[in-house]
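my_file03.pdb follows (PDB, C-alpha atoms, pLDDT in the B column):
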```pdb
ATOM      1  CA  MET A  20     -20.992 -11.471 -18.800  1.00 69.00           C
ATOM      2  CA  ASN A  21     -23.237 -13.166 -16.239  1.00 82.00           C
ATOM      3  CA  GLU A  22     -21.066 -11.777 -13.434  1.00 86.00           C
ATOM      4  CA  ILE A  23     -21.694  -8.225 -14.663  1.00 81.00           C
ATOM      5  CA  LYS A  24     -25.446  -8.820 -14.759  1.00 81.00           C
ATOM      6  CA  ALA A  25     -25.333 -10.233 -11.220  1.00 84.00           C
ATOM      7  CA  ILE A  26     -23.474  -7.162  -9.929  1.00 80.00           C
ATOM      8  CA  GLU A  27     -25.913  -4.821 -11.705  1.00 77.00           C
ATOM      9  CA  ALA A  28     -28.902  -6.683 -10.260  1.00 79.00           C
ATOM     10  CA  ALA A  29     -27.461  -6.396  -6.743  1.00 78.00           C
ATOM     11  CA  GLN A  30     -27.039  -2.623  -7.077  1.00 77.00           C
ATOM     12  CA  MET A  31     -30.510  -1.882  -8.456  1.00 77.00           C
ATOM     13  CA  LYS A  32     -33.160  -0.532  -6.065  1.00 76.00           C
ATOM     14  CA  GLN A  33     -36.286  -2.662  -5.766  1.00 74.00           C
ATOM     15  CA  GLU A  34     -38.708   0.163  -4.905  1.00 74.00           C
ATOM     16  CA  LEU A  35     -38.412   3.240  -7.097  1.00 75.00           C
ATOM     17  CA  ASP A  36     -40.142   6.547  -6.473  1.00 77.00           C
ATOM     18  CA  GLN A  37     -42.824   7.326  -9.066  1.00 84.00           C
ATOM     19  CA  PHE A  38     -42.196  10.567 -10.944  1.00 88.00           C
ATOM     20  CA  LYS A  39     -41.956  11.659 -14.564  1.00 89.00           C
ATOM     21  CA  VAL A  40     -40.599  14.444 -16.734  1.00 90.00           C
ATOM     22  CA  GLY A  41     -42.323  17.750 -15.947  1.00 89.00           C
ATOM     23  CA  ASP A  42     -42.855  17.033 -12.249  1.00 90.00           C
ATOM     24  CA  THR A  43     -41.478  19.371  -9.609  1.00 91.00           C
ATOM     25  CA  VAL A  44     -39.647  17.152  -7.129  1.00 93.00           C
ATOM     26  CA  LYS A  45     -37.673  17.289  -3.896  1.00 94.00           C
ATOM     27  CA  VAL A  46     -34.648  14.991  -4.010  1.00 93.00           C
ATOM     28  CA  HIS A  47     -33.420  13.975  -0.545  1.00 94.00           C
ATOM     29  CA  PHE A  48     -29.711  13.354  -1.103  1.00 92.00           C
ATOM     30  CA  LYS A  49     -27.150  12.121   1.484  1.00 93.00           C
ATOM     31  CA  ILE A  50     -24.042  14.289   1.780  1.00 92.00           C
ATOM     32  CA  VAL A  51     -20.959  13.039   3.635  1.00 92.00           C
ATOM     33  CA  GLU A  52     -18.855  15.758   5.256  1.00 90.00           C
ATOM     34  CA  GLY A  53     -15.935  14.206   7.085  1.00 90.00           C
ATOM     35  CA  LYS A  54     -17.456  11.810   9.621  1.00 92.00           C
ATOM     36  CA  THR A  55     -20.947  13.271   9.581  1.00 93.00           C
ATOM     37  CA  GLU A  56     -23.774  12.485   7.195  1.00 92.00           C
ATOM     38  CA  ARG A  57     -26.674  14.778   6.489  1.00 93.00           C
ATOM     39  CA  VAL A  58     -29.584  14.849   4.056  1.00 94.00           C
ATOM     40  CA  GLN A  59     -29.738  17.793   1.674  1.00 93.00           C
ATOM     41  CA  ILE A  60     -32.948  18.586  -0.205  1.00 94.00           C
ATOM     42  CA  TYR A  61     -32.663  19.693  -3.837  1.00 93.00           C
ATOM     43  CA  GLU A  62     -35.963  20.957  -5.259  1.00 93.00           C
ATOM     44  CA  GLY A  63     -36.548  21.567  -8.953  1.00 93.00           C
ATOM     45  CA  LEU A  64     -38.131  20.525 -12.235  1.00 92.00           C
ATOM     46  CA  VAL A  65     -37.347  17.139 -13.804  1.00 93.00           C
ATOM     47  CA  ILE A  66     -36.306  18.011 -17.368  1.00 93.00           C
ATOM     48  CA  ALA A  67     -34.976  14.630 -18.525  1.00 92.00           C
ATOM     49  CA  ILE A  68     -34.883  10.932 -17.657  1.00 91.00           C
ATOM     50  CA  LYS A  69     -32.259   8.788 -19.359  1.00 91.00           C
ATOM     51  CA  ASN A  70     -32.731   5.021 -19.289  1.00 86.00           C
ATOM     52  CA  SER A  71     -30.015   2.399 -19.128  1.00 79.00           C
ATOM     53  CA  LYS A  72     -30.652  -0.168 -16.377  1.00 78.00           C
ATOM     54  CA  VAL A  73     -28.346   0.598 -13.420  1.00 82.00           C
ATOM     55  CA  GLY A  74     -27.091   3.785 -15.068  1.00 84.00           C
ATOM     56  CA  LYS A  75     -30.604   5.309 -15.232  1.00 88.00           C
ATOM     57  CA  THR A  76     -30.422   9.026 -14.411  1.00 92.00           C
ATOM     58  CA  PHE A  77     -32.702  12.029 -14.134  1.00 93.00           C
ATOM     59  CA  THR A  78     -31.868  15.723 -14.471  1.00 94.00           C
ATOM     60  CA  VAL A  79     -33.367  18.295 -12.103  1.00 94.00           C
ATOM     61  CA  ARG A  80     -33.262  22.026 -12.885  1.00 93.00           C
ATOM     62  CA  LYS A  81     -33.837  24.903 -10.501  1.00 91.00           C
ATOM     63  CA  VAL A  82     -33.187  28.642 -10.575  1.00 89.00           C
ATOM     64  CA  SER A  83     -31.012  29.767  -7.671  1.00 89.00           C
ATOM     65  CA  TYR A  84     -30.424  33.516  -7.209  1.00 90.00           C
ATOM     66  CA  GLY A  85     -31.278  34.166 -10.865  1.00 86.00           C
ATOM     67  CA  VAL A  86     -28.926  31.482 -12.206  1.00 89.00           C
ATOM     68  CA  GLY A  87     -30.197  28.186 -13.643  1.00 89.00           C
ATOM     69  CA  VAL A  88     -28.636  25.157 -11.958  1.00 93.00           C
ATOM     70  CA  GLU A  89     -28.995  21.583 -13.236  1.00 93.00           C
ATOM     71  CA  ARG A  90     -27.983  18.449 -11.423  1.00 93.00           C
ATOM     72  CA  VAL A  91     -27.978  14.861 -12.662  1.00 94.00           C
ATOM     73  CA  PHE A  92     -28.953  12.159 -10.155  1.00 92.00           C
ATOM     74  CA  PRO A  93     -28.531   8.390 -10.671  1.00 91.00           C
ATOM     75  CA  ILE A  94     -31.850   6.730  -9.744  1.00 89.00           C
ATOM     76  CA  HIS A  95     -30.261   3.608  -8.259  1.00 87.00           C
ATOM     77  CA  SER A  96     -27.727   5.532  -6.137  1.00 87.00           C
ATOM     78  CA  PRO A  97     -27.629   4.518  -2.454  1.00 86.00           C
ATOM     79  CA  ARG A  98     -27.174   8.218  -1.614  1.00 90.00           C
ATOM     80  CA  ILE A  99     -30.682   9.126  -2.751  1.00 90.00           C
ATOM     81  CA  VAL A 100     -32.927   8.687   0.272  1.00 90.00           C
ATOM     82  CA  LYS A 101     -36.186   9.502  -1.532  1.00 89.00           C
ATOM     83  CA  VAL A 102     -37.701  11.544  -4.332  1.00 90.00           C
ATOM     84  CA  GLU A 103     -40.852  13.401  -3.314  1.00 91.00           C
ATOM     85  CA  VAL A 104     -43.236  14.800  -5.948  1.00 91.00           C
ATOM     86  CA  VAL A 105     -44.234  18.342  -4.957  1.00 91.00           C
ATOM     87  CA  ARG A 106     -46.290  19.212  -8.045  1.00 90.00           C
ATOM     88  CA  PRO A 107     -47.136  16.895 -10.950  1.00 90.00           C
ATOM     89  CA  GLY A 108     -46.612  18.527 -14.332  1.00 87.00           C
ATOM     90  CA  LYS A 109     -48.453  18.190 -17.633  1.00 88.00           C
ATOM     91  CA  VAL A 110     -46.032  18.063 -20.580  1.00 87.00           C
ATOM     92  CA  ARG A 111     -46.018  16.621 -24.079  1.00 90.00           C
ATOM     93  CA  ARG A 112     -42.271  16.102 -24.458  1.00 87.00           C
ATOM     94  CA  ALA A 113     -39.826  13.513 -23.140  1.00 90.00           C
ATOM     95  CA  LYS A 114     -36.993  16.038 -22.727  1.00 91.00           C
ATOM     96  CA  LEU A 115     -37.633  19.620 -21.602  1.00 88.00           C
ATOM     97  CA  TYR A 116     -34.355  21.179 -22.724  1.00 89.00           C
ATOM     98  CA  TYR A 117     -36.256  24.159 -24.176  1.00 89.00           C
ATOM     99  CA  ILE A 118     -36.895  25.328 -20.581  1.00 85.00           C
ATOM    100  CA  ARG A 119     -33.234  26.419 -20.407  1.00 86.00           C
ATOM    101  CA  GLU A 120     -33.935  29.397 -22.691  1.00 85.00           C
ATOM    102  CA  LYS A 121     -37.185  30.398 -20.959  1.00 81.00           C
ATOM    103  CA  ILE A 122     -37.236  33.074 -18.245  1.00 80.00           C
ATOM    104  CA  GLY A 123     -39.841  33.852 -15.573  1.00 80.00           C
ATOM    105  CA  LYS A 124     -43.415  32.760 -16.285  1.00 78.00           C
ATOM    106  CA  GLY A 125     -42.378  31.272 -19.625  1.00 81.00           C
ATOM    107  CA  ALA A 126     -40.430  28.597 -17.756  1.00 80.00           C
ATOM    108  CA  LYS A 127     -43.529  27.372 -15.904  1.00 76.00           C
ATOM    109  CA  ILE A 128     -45.062  23.979 -16.584  1.00 80.00           C
ATOM    110  CA  LYS A 129     -48.827  23.412 -16.381  1.00 80.00           C
ATOM    111  CA  GLU A 130     -49.946  21.446 -13.353  1.00 78.00           C
ATOM    112  CA  LEU A 131     -51.506  18.056 -13.954  1.00 79.00           C
ATOM    113  CA  ILE A 132     -55.024  18.142 -12.551  1.00 80.00           C
ATOM    114  CA  ILE A 133     -56.072  14.846 -10.991  1.00 76.00           C
ATOM    115  CA  LYS A 134     -59.797  14.115 -10.653  1.00 75.00           C
ATOM    116  CA  LYS A 135     -61.191  13.978  -7.121  1.00 69.00           C
ATOM    117  CA  SER A 136     -62.330  10.363  -7.474  1.00 66.00           C
ATOM    118  CA  ALA A 137     -58.831   9.341  -8.537  1.00 59.00           C
ATOM    119  CA  LYS A 138     -57.272  11.366  -5.708  1.00 58.00           C
ATOM    120  CA  THR A 139     -59.487   9.813  -3.022  1.00 60.00           C
ATOM    121  CA  SER A 140     -58.937   6.267  -4.286  1.00 58.00           C
ATOM    122  CA  HIS A 141     -55.170   6.953  -4.485  1.00 58.00           C
ATOM    123  CA  ALA A 142     -55.158   8.323  -0.913  1.00 60.00           C
ATOM    124  CA  ALA A 143     -57.174   5.326   0.307  1.00 63.00           C
ATOM    125  CA  ALA A 144     -54.702   2.940  -1.334  1.00 61.00           C
ATOM    126  CA  GLU A 145     -51.788   4.713   0.383  1.00 62.00           C
ATOM    127  CA  LYS A 146     -53.514   4.458   3.776  1.00 61.00           C
ATOM    128  CA  LYS A 147     -54.046   0.716   3.241  1.00 61.00           C
ATOM    129  CA  GLN A 148     -50.352   0.241   2.494  1.00 60.00           C
ATOM    130  CA  ASP A 149     -49.315   2.219   5.589  1.00 59.00           C
ATOM    131  CA  SER A 150     -51.454   0.080   7.936  1.00 56.00           C
TER     132      SER A 150
END
```
Please render this file's structure as structure tokens.
Amino acid sequence: MNEIKAIEAAQMKQELDQFKVGDTVKVHFKIVEGKTERVQIYEGLVIAIKNSKVGKTFTVRKVSYGVGVERVFPIHSPRIVKVEVVRPGKVRRAKLYYIREKIGKGAKIKELIIKKSAKTSHAAAEKKQDS
């Protein structure tokens, strides 16, 4: 049992990207085609996060050419380069499966408004970390 825990600990990422259900995100995902590797960006709405240590996953939904497409990404996968939050969302549910039935404007999620003082302090903290 300890061997399994050791393997799981080795595969877990130390730094995780901060996002939550309701956020619109861009997932930078490595794709291997033959000998070449490229990064593909998948942009959509996070409708679910499922927790279970190394097996933690999140589901991203987007509408492509009028058809809803969902993709499940493992958070600790080495193929995920980064997850970038495009637009923070304001929701009151943990799972947004009801979005599947919504069409057009009904499928929109309210944007989370962040106060200016919080934004400036957050931006200042990021600049400190970069330097």
**OP:** With a distance cut-off of 12 Å and all atoms listed in the file, select the neighbouring residues of Leu131 in chain A, excluding the residue or stretch itself and same-chain residues fewer than 3 positions from it, and output the selection as a list in words.
**Re:** Lys39, Val40, Gly41, Asp42, Thr43, Val104, Val105, Arg106, Pro107, Gly108, Lys109, Val110, Arg111, Ile128 and Lys134 of chain A
**OP:** Evaluate the PyMOL selection byres ((chain A and resi 103) around 7) and record the selected residues as a list in words, following the chain and residue labels used in the document.
**Re:** Val44, Lys45, Val46, Lys101, Val102, Val104 and Val105 of chain A
**OP:** May I have the residues within 7 Å of Lys75 in chain A as an MDAnalysis selection string, using all atoms listed in the file and disregarding those fewer than 5 positions away in the same chain?
**Re:** chainID A and resid 69:70 93:94
With the cut-off set at 12 Å and counting only C-alpha atoms, tabulate each residue of range 24-78 of chain A with an atom at most that distance from an atom of range 117-123 of chain A, showing the nearest atom pair and its distance in Å to one decimal, ordered by chain and increasing number, as a Markdown table.
```
| residue | atom | partner | partner_atom | distance |
| --- | --- | --- | --- | --- |
| A:Gly41 | CA | A:Ile118 | CA | 10.4 |
| A:Leu64 | CA | A:Ile118 | CA | 9.7 |
| A:Val65 | CA | A:Ile118 | CA | 10.6 |
| A:Ile66 | CA | A:Ile118 | CA | 8.0 |
| A:Ala67 | CA | A:Ile118 | CA | 11.1 |
```
Original post:
Hey, can you pull every residue with an atom no more than 12 Å from (-25.8, 19.8, -14.6), using all atoms listed in the file, and send it as a ChimeraX atom specification?
Top reply: /A:65-67,76-81,87-92,116,119
Supply range 30-63 of chain A as a compact mmCIF listing (two decimals), in the frame of the given file, with N, CA and C atoms built in where the input has gaps.
```txt
# COMPACT_ATOMS: atom_id res chain seq x y z
N GLN A 30 -27.09 -4.06 -7.34
CA GLN A 30 -27.04 -2.62 -7.08
C GLN A 30 -28.33 -1.89 -7.40
N MET A 31 -29.26 -2.55 -8.10
CA MET A 31 -30.51 -1.88 -8.46
C MET A 31 -31.45 -1.82 -7.25
N LYS A 32 -32.16 -0.69 -7.12
CA LYS A 32 -33.16 -0.53 -6.06
C LYS A 32 -34.41 -1.30 -6.47
N GLN A 33 -35.06 -1.92 -5.49
CA GLN A 33 -36.29 -2.66 -5.77
C GLN A 33 -37.48 -1.72 -5.86
N GLU A 34 -37.58 -0.77 -4.92
CA GLU A 34 -38.71 0.16 -4.90
C GLU A 34 -38.23 1.52 -5.40
N LEU A 35 -38.77 1.95 -6.54
CA LEU A 35 -38.41 3.24 -7.10
C LEU A 35 -39.53 4.23 -6.86
N ASP A 36 -39.16 5.49 -6.64
CA ASP A 36 -40.14 6.55 -6.47
C ASP A 36 -40.78 6.84 -7.83
N GLN A 37 -42.08 7.09 -7.83
CA GLN A 37 -42.82 7.33 -9.07
C GLN A 37 -42.86 8.81 -9.39
N PHE A 38 -42.16 9.20 -10.44
CA PHE A 38 -42.20 10.57 -10.94
C PHE A 38 -41.90 10.52 -12.42
N LYS A 39 -42.19 11.63 -13.12
CA LYS A 39 -41.96 11.66 -14.56
C LYS A 39 -41.43 13.03 -14.96
N VAL A 40 -41.10 13.17 -16.22
CA VAL A 40 -40.60 14.44 -16.73
C VAL A 40 -41.71 15.49 -16.60
N GLY A 41 -41.36 16.68 -16.13
CA GLY A 41 -42.32 17.75 -15.95
C GLY A 41 -42.76 17.92 -14.51
N ASP A 42 -42.49 16.94 -13.66
CA ASP A 42 -42.86 17.03 -12.25
C ASP A 42 -41.85 17.91 -11.50
N THR A 43 -42.36 18.65 -10.53
CA THR A 43 -41.48 19.37 -9.61
C THR A 43 -41.25 18.43 -8.43
N VAL A 44 -39.98 18.15 -8.14
CA VAL A 44 -39.65 17.15 -7.13
C VAL A 44 -38.68 17.71 -6.09
N LYS A 45 -38.68 17.05 -4.92
CA LYS A 45 -37.67 17.29 -3.90
C LYS A 45 -36.85 16.02 -3.81
N VAL A 46 -35.55 16.14 -4.08
CA VAL A 46 -34.65 14.99 -4.01
C VAL A 46 -33.91 15.06 -2.68
N HIS A 47 -34.11 14.06 -1.83
CA HIS A 47 -33.42 13.98 -0.55
C HIS A 47 -32.13 13.19 -0.78
N PHE A 48 -31.00 13.90 -0.69
CA PHE A 48 -29.71 13.35 -1.10
C PHE A 48 -28.76 13.36 0.09
N LYS A 49 -28.12 12.22 0.37
CA LYS A 49 -27.15 12.12 1.48
C LYS A 49 -25.85 12.79 1.09
N ILE A 50 -25.33 13.64 1.99
CA ILE A 50 -24.04 14.29 1.78
C ILE A 50 -23.14 13.86 2.94
N VAL A 51 -21.92 13.44 2.61
CA VAL A 51 -20.96 13.04 3.64
C VAL A 51 -19.92 14.14 3.77
N GLU A 52 -19.85 14.71 4.97
CA GLU A 52 -18.86 15.76 5.26
C GLU A 52 -17.98 15.26 6.40
N GLY A 53 -16.82 14.76 6.06
CA GLY A 53 -15.94 14.21 7.08
C GLY A 53 -16.55 12.94 7.66
N LYS A 54 -16.86 12.98 8.97
CA LYS A 54 -17.46 11.81 9.62
C LYS A 54 -18.98 11.91 9.71
N THR A 55 -19.51 13.08 9.43
CA THR A 55 -20.95 13.27 9.58
C THR A 55 -21.68 13.09 8.24
N GLU A 56 -22.90 12.62 8.35
CA GLU A 56 -23.77 12.48 7.20
C GLU A 56 -25.00 13.33 7.43
N ARG A 57 -25.44 14.02 6.38
CA ARG A 57 -26.67 14.78 6.49
C ARG A 57 -27.45 14.63 5.19
N VAL A 58 -28.74 14.94 5.24
CA VAL A 58 -29.58 14.85 4.06
C VAL A 58 -29.85 16.26 3.55
N GLN A 59 -29.51 16.50 2.29
CA GLN A 59 -29.74 17.79 1.67
C GLN A 59 -30.89 17.64 0.69
N ILE A 60 -31.79 18.63 0.69
CA ILE A 60 -32.95 18.59 -0.20
C ILE A 60 -32.68 19.50 -1.39
N TYR A 61 -32.86 18.95 -2.59
CA TYR A 61 -32.66 19.69 -3.84
C TYR A 61 -34.01 19.69 -4.55
N GLU A 62 -34.63 20.86 -4.65
CA GLU A 62 -35.96 20.96 -5.26
C GLU A 62 -35.88 21.61 -6.62
N GLY A 63 -36.54 21.00 -7.62
CA GLY A 63 -36.55 21.57 -8.95
C GLY A 63 -37.42 20.78 -9.90
```
